[in-house]
Amino acid sequence: MTIHPIPPVFDSQSRVLILGSFPSVRSREVMFYYGHPQNRFWKVLASILGEELPSTTEDKKQFLLKNGIALWDVISSCEIVGSSDSSVTNVTANDISEILRTADIGKVYVNGKCAEKYYNKYIYPKSGIDCITLPSTSPANAAYSFEQLCEKWKVITDV
């Protein structure tokens with residue numbers, strides 16, 4: 001069983017909640033979200049928000065908070081092989097209620113189909129909040145170019 005080691009990022013000014021599935025091996029090593037250099041998450045957000053690409057963990061936290069974005073993952077613990085979402089089993093979900101109590105979240109977005117599957121199975125029944133599924137920013141999602149990801153992810157700026 002692998003336990004999610006990274007706390008959520010949010011404050012009372014967060015208006016958008018983005019949930020991934022579970023941190024990659026690299027993200028768990030660096031102890032922050034989307035730590036693999038090939039993951040396009042930070043590049044996509046910087047591009048659609050017209051901001052400089054944050055580099056350090058602290059820069060990334062401030063970037064999220066400045067833009068009203070809360071960030072966490074759906075899965076609290078699971079069995080996983082490497083970083084493969086398709087290998088995920090034995091899932092326990094995170095409890096997003098503290099984020100919802102603290103912040104006025106207008107929309108919940110999930111990063112990819114694995115996050116959508118487990119959100120709908122475990123979190124939606126408790127929160128009652130529909131999620132909006134965005135294409136995964138993972139390098140494994142070769143179906144989407146950077147430009148296509150930016151086009152789809154622009155929706156987070158509508159809140």
# chains A, B, ... in the order shown; residues from 1 in each chain; ligands from 1
$ residues_around --residues "Ser27 of chain A" --least-positions-apart "5" --cutoff "9 Å" --atoms "only C-alpha atoms" --output "list in words"
Ile6, Phe32, Tyr33, Tyr34, Gly35 and His36 of chain A
$ residues_around --residues "segment 55-64 of chain A" --least-positions-apart "6" --cutoff "12 Å" --atoms "only C-alpha atoms" --output "list in words"
Ile6, Pro7, Pro8, Val9, Phe10, Asp11, Gln13, Ser14, Arg15, Val16, Leu17, Ile18, Ser27, Val30, Met31, Phe32, Tyr33, Tyr34, Gly35, Pro37, Phe41, Trp42, Lys43, Leu45, Ala46, Leu49, Ala70, Leu71 and Trp72 of chain A
$ write_last_selection --atoms "N, CA and C atoms" --output "mmCIF file, in the first residue's frame"
data_model
loop_
_atom_site.group_PDB
_atom_site.id
_atom_site.type_symbol
_atom_site.label_atom_id
_atom_site.label_comp_id
_atom_site.auth_asym_id
_atom_site.auth_seq_id
_atom_site.Cartn_x
_atom_site.Cartn_y
_atom_site.Cartn_z
ATOM 1 N N ILE A 6 1.650 14.046 0.240
ATOM 2 C CA ILE A 6 1.699 15.494 -0.007
ATOM 3 C C ILE A 6 0.393 16.151 0.457
ATOM 4 N N PRO A 7 0.477 17.165 1.312
ATOM 5 C CA PRO A 7 -0.752 17.825 1.758
ATOM 6 C C PRO A 7 -1.390 18.646 0.631
ATOM 7 N N PRO A 8 -2.683 18.924 0.753
ATOM 8 C CA PRO A 8 -3.335 19.759 -0.259
ATOM 9 C C PRO A 8 -2.845 21.198 -0.172
ATOM 10 N N VAL A 9 -3.011 21.917 -1.268
ATOM 11 C CA VAL A 9 -2.705 23.347 -1.308
ATOM 12 C C VAL A 9 -4.032 24.074 -1.486
ATOM 13 N N PHE A 10 -4.383 24.933 -0.535
ATOM 14 C CA PHE A 10 -5.604 25.726 -0.636
ATOM 15 C C PHE A 10 -5.603 26.789 0.461
ATOM 16 N N ASP A 11 -6.445 27.790 0.289
ATOM 17 C CA ASP A 11 -6.714 28.752 1.344
ATOM 18 C C ASP A 11 -8.136 29.267 1.151
ATOM 19 N N GLN A 13 -9.214 31.816 -0.162
ATOM 20 C CA GLN A 13 -9.421 32.509 -1.435
ATOM 21 C C GLN A 13 -9.512 31.556 -2.628
ATOM 22 N N SER A 14 -9.318 30.264 -2.401
ATOM 23 C CA SER A 14 -9.384 29.290 -3.499
ATOM 24 C C SER A 14 -10.811 29.222 -4.033
ATOM 25 N N ARG A 15 -10.959 29.244 -5.346
ATOM 26 C CA ARG A 15 -12.265 29.194 -5.999
ATOM 27 C C ARG A 15 -12.409 27.980 -6.915
ATOM 28 N N VAL A 16 -11.282 27.408 -7.305
ATOM 29 C CA VAL A 16 -11.246 26.264 -8.208
ATOM 30 C C VAL A 16 -10.489 25.144 -7.500
ATOM 31 N N LEU A 17 -11.008 23.934 -7.562
ATOM 32 C CA LEU A 17 -10.304 22.773 -7.014
ATOM 33 C C LEU A 17 -9.933 21.853 -8.159
ATOM 34 N N ILE A 18 -8.638 21.578 -8.282
ATOM 35 C CA ILE A 18 -8.142 20.622 -9.276
ATOM 36 C C ILE A 18 -7.659 19.398 -8.521
ATOM 37 N N SER A 27 6.866 12.740 -8.241
ATOM 38 C CA SER A 27 6.204 13.718 -7.371
ATOM 39 C C SER A 27 6.366 13.331 -5.908
ATOM 40 N N VAL A 30 9.938 14.314 -4.857
ATOM 41 C CA VAL A 30 10.160 15.749 -4.654
ATOM 42 C C VAL A 30 9.140 16.353 -3.690
ATOM 43 N N MET A 31 8.164 15.521 -3.267
ATOM 44 C CA MET A 31 7.140 15.914 -2.291
ATOM 45 C C MET A 31 6.297 17.099 -2.756
ATOM 46 N N PHE A 32 6.008 17.128 -4.071
ATOM 47 C CA PHE A 32 5.056 18.108 -4.575
ATOM 48 C C PHE A 32 4.460 17.625 -5.882
ATOM 49 N N TYR A 33 3.322 18.205 -6.202
ATOM 50 C CA TYR A 33 2.513 17.769 -7.333
ATOM 51 C C TYR A 33 3.179 18.003 -8.681
ATOM 52 N N TYR A 34 2.945 17.058 -9.573
ATOM 53 C CA TYR A 34 3.402 17.144 -10.958
ATOM 54 C C TYR A 34 4.902 17.424 -11.030
ATOM 55 N N GLY A 35 5.647 16.604 -10.305
ATOM 56 C CA GLY A 35 7.090 16.776 -10.200
ATOM 57 C C GLY A 35 7.884 16.210 -11.361
ATOM 58 N N PRO A 37 9.386 16.134 -14.849
ATOM 59 C CA PRO A 37 9.639 17.248 -15.770
ATOM 60 C C PRO A 37 8.857 17.154 -17.085
ATOM 61 N N PHE A 41 1.465 19.862 -16.620
ATOM 62 C CA PHE A 41 0.542 20.586 -15.750
ATOM 63 C C PHE A 41 0.966 22.037 -15.519
ATOM 64 N N TRP A 42 2.187 22.245 -15.034
ATOM 65 C CA TRP A 42 2.630 23.605 -14.695
ATOM 66 C C TRP A 42 2.753 24.475 -15.935
ATOM 67 N N LYS A 43 3.222 23.901 -17.040
ATOM 68 C CA LYS A 43 3.351 24.667 -18.287
ATOM 69 C C LYS A 43 1.981 25.092 -18.812
ATOM 70 N N LEU A 45 -0.876 25.468 -17.019
ATOM 71 C CA LEU A 45 -1.453 26.499 -16.152
ATOM 72 C C LEU A 45 -0.793 27.849 -16.363
ATOM 73 N N ALA A 46 0.531 27.872 -16.430
ATOM 74 C CA ALA A 46 1.242 29.142 -16.635
ATOM 75 C C ALA A 46 0.800 29.784 -17.957
ATOM 76 N N LEU A 49 -2.924 31.065 -17.781
ATOM 77 C CA LEU A 49 -3.098 32.151 -16.821
ATOM 78 C C LEU A 49 -2.206 33.355 -17.123
ATOM 79 N N ALA A 70 -7.052 25.560 -5.710
ATOM 80 C CA ALA A 70 -6.737 24.541 -4.708
ATOM 81 C C ALA A 70 -6.307 23.294 -5.476
ATOM 82 N N LEU A 71 -5.345 22.551 -4.924
ATOM 83 C CA LEU A 71 -4.812 21.385 -5.624
ATOM 84 C C LEU A 71 -4.619 20.235 -4.659
ATOM 85 N N TRP A 72 -5.110 19.066 -5.066
ATOM 86 C CA TRP A 72 -4.919 17.841 -4.289
ATOM 87 C C TRP A 72 -5.122 16.673 -5.222
#
$ atom_distance --atom1 "atom CA of Lys117 of chain A" --atom2 "atom CA of Pro135 of chain A"
13.1 Å
$ select_by_dssp --residues "segment 36-76 of chain A" --states "strand (DSSP E)" --output "JSON, numbers by chain"
{"A": [69, 70, 71, 72, 73, 75, 76]}
$ write_last_selection --atoms "C-alpha atoms" --output "tab-separated table (two decimals), in the first residue's frame"
chain	number	residue	atom	x	y	z
A	69	ILE	CA	-6.57	27.34	-7.26
A	70	ALA	CA	-6.74	24.54	-4.71
A	71	LEU	CA	-4.81	21.38	-5.62
A	72	TRP	CA	-4.92	17.84	-4.29
A	73	ASP	CA	-5.50	14.29	-5.43
A	75	ILE	CA	-6.65	9.03	-3.87
A	76	SER	CA	-5.30	8.93	-0.33
$ residues_around --residues "Ile129 of chain A" --least-positions-apart "3" --cutoff "12 Å" --atoms "only C-alpha atoms" --output "list in words"
Leu17, Ile96, Ser97, Leu100, Ile105, Gly106, Lys107, Val108, Tyr109, Val110, Tyr119, Asn120, Tyr122, Ile123, Tyr124, Pro125, Lys126 and Ile132 of chain A
$ residues_around --residues "segment 81-83 of chain A" --least-positions-apart "2" --cutoff "7 Å" --atoms "only C-alpha atoms" --output "PyMOL selection string"
chain A and resi 24-25+85+87
$ write_last_selection --atoms "N, CA, C and O atoms" --output "mmCIF file, in the first residue's frame"
data_model
loop_
_atom_site.group_PDB
_atom_site.id
_atom_site.type_symbol
_atom_site.label_atom_id
_atom_site.label_comp_id
_atom_site.auth_asym_id
_atom_site.auth_seq_id
_atom_site.Cartn_x
_atom_site.Cartn_y
_atom_site.Cartn_z
ATOM 1 N N SER A 24 2.804 10.776 -8.836
ATOM 2 C CA SER A 24 3.757 9.885 -9.499
ATOM 3 C C SER A 24 4.930 9.583 -8.570
ATOM 4 O O SER A 24 5.108 10.252 -7.544
ATOM 5 N N VAL A 25 5.722 8.617 -8.951
ATOM 6 C CA VAL A 25 6.939 8.304 -8.192
ATOM 7 C C VAL A 25 7.779 9.565 -8.038
ATOM 8 O O VAL A 25 8.240 9.900 -6.946
ATOM 9 N N ASP A 85 -1.457 4.924 -13.676
ATOM 10 C CA ASP A 85 -2.849 5.025 -13.235
ATOM 11 C C ASP A 85 -3.625 3.739 -13.520
ATOM 12 O O ASP A 85 -4.503 3.367 -12.750
ATOM 13 N N SER A 87 -2.733 0.817 -13.193
ATOM 14 C CA SER A 87 -2.417 -0.252 -12.247
ATOM 15 C C SER A 87 -3.048 -0.025 -10.862
ATOM 16 O O SER A 87 -2.920 -0.865 -9.983
#
$ atom_distance --atom1 "atom CA of Ser145 of chain A" --atom2 "atom CA of Val88 of chain A"
25.3 Å
$ residues_around --residues "Glu116 of chain A" --least-positions-apart "4" --cutoff "9 Å" --atoms "only C-alpha atoms" --output "list of chain:residue names"
A:Leu19, A:Gly20, A:Ser21, A:Val74, A:Tyr109, A:Val110, A:Asn111, A:Gly112, A:Asn120, A:Lys121, A:Cys131, A:Ile132, A:Thr133, A:Leu134
$ select_by_dssp --residues "segment 10-156 of chain A" --states "alpha helix (DSSP H)" --output "PyMOL selection string"
chain A and resi 25-30+41-49+57-66+97-102+113-118+124-127+146-153
$ closest_residue --among "A:Pro5, A:Gln38, A:Ala93, A:Val44" --to "Lys152 of chain A" --atoms "only C-alpha atoms"
A:Val44
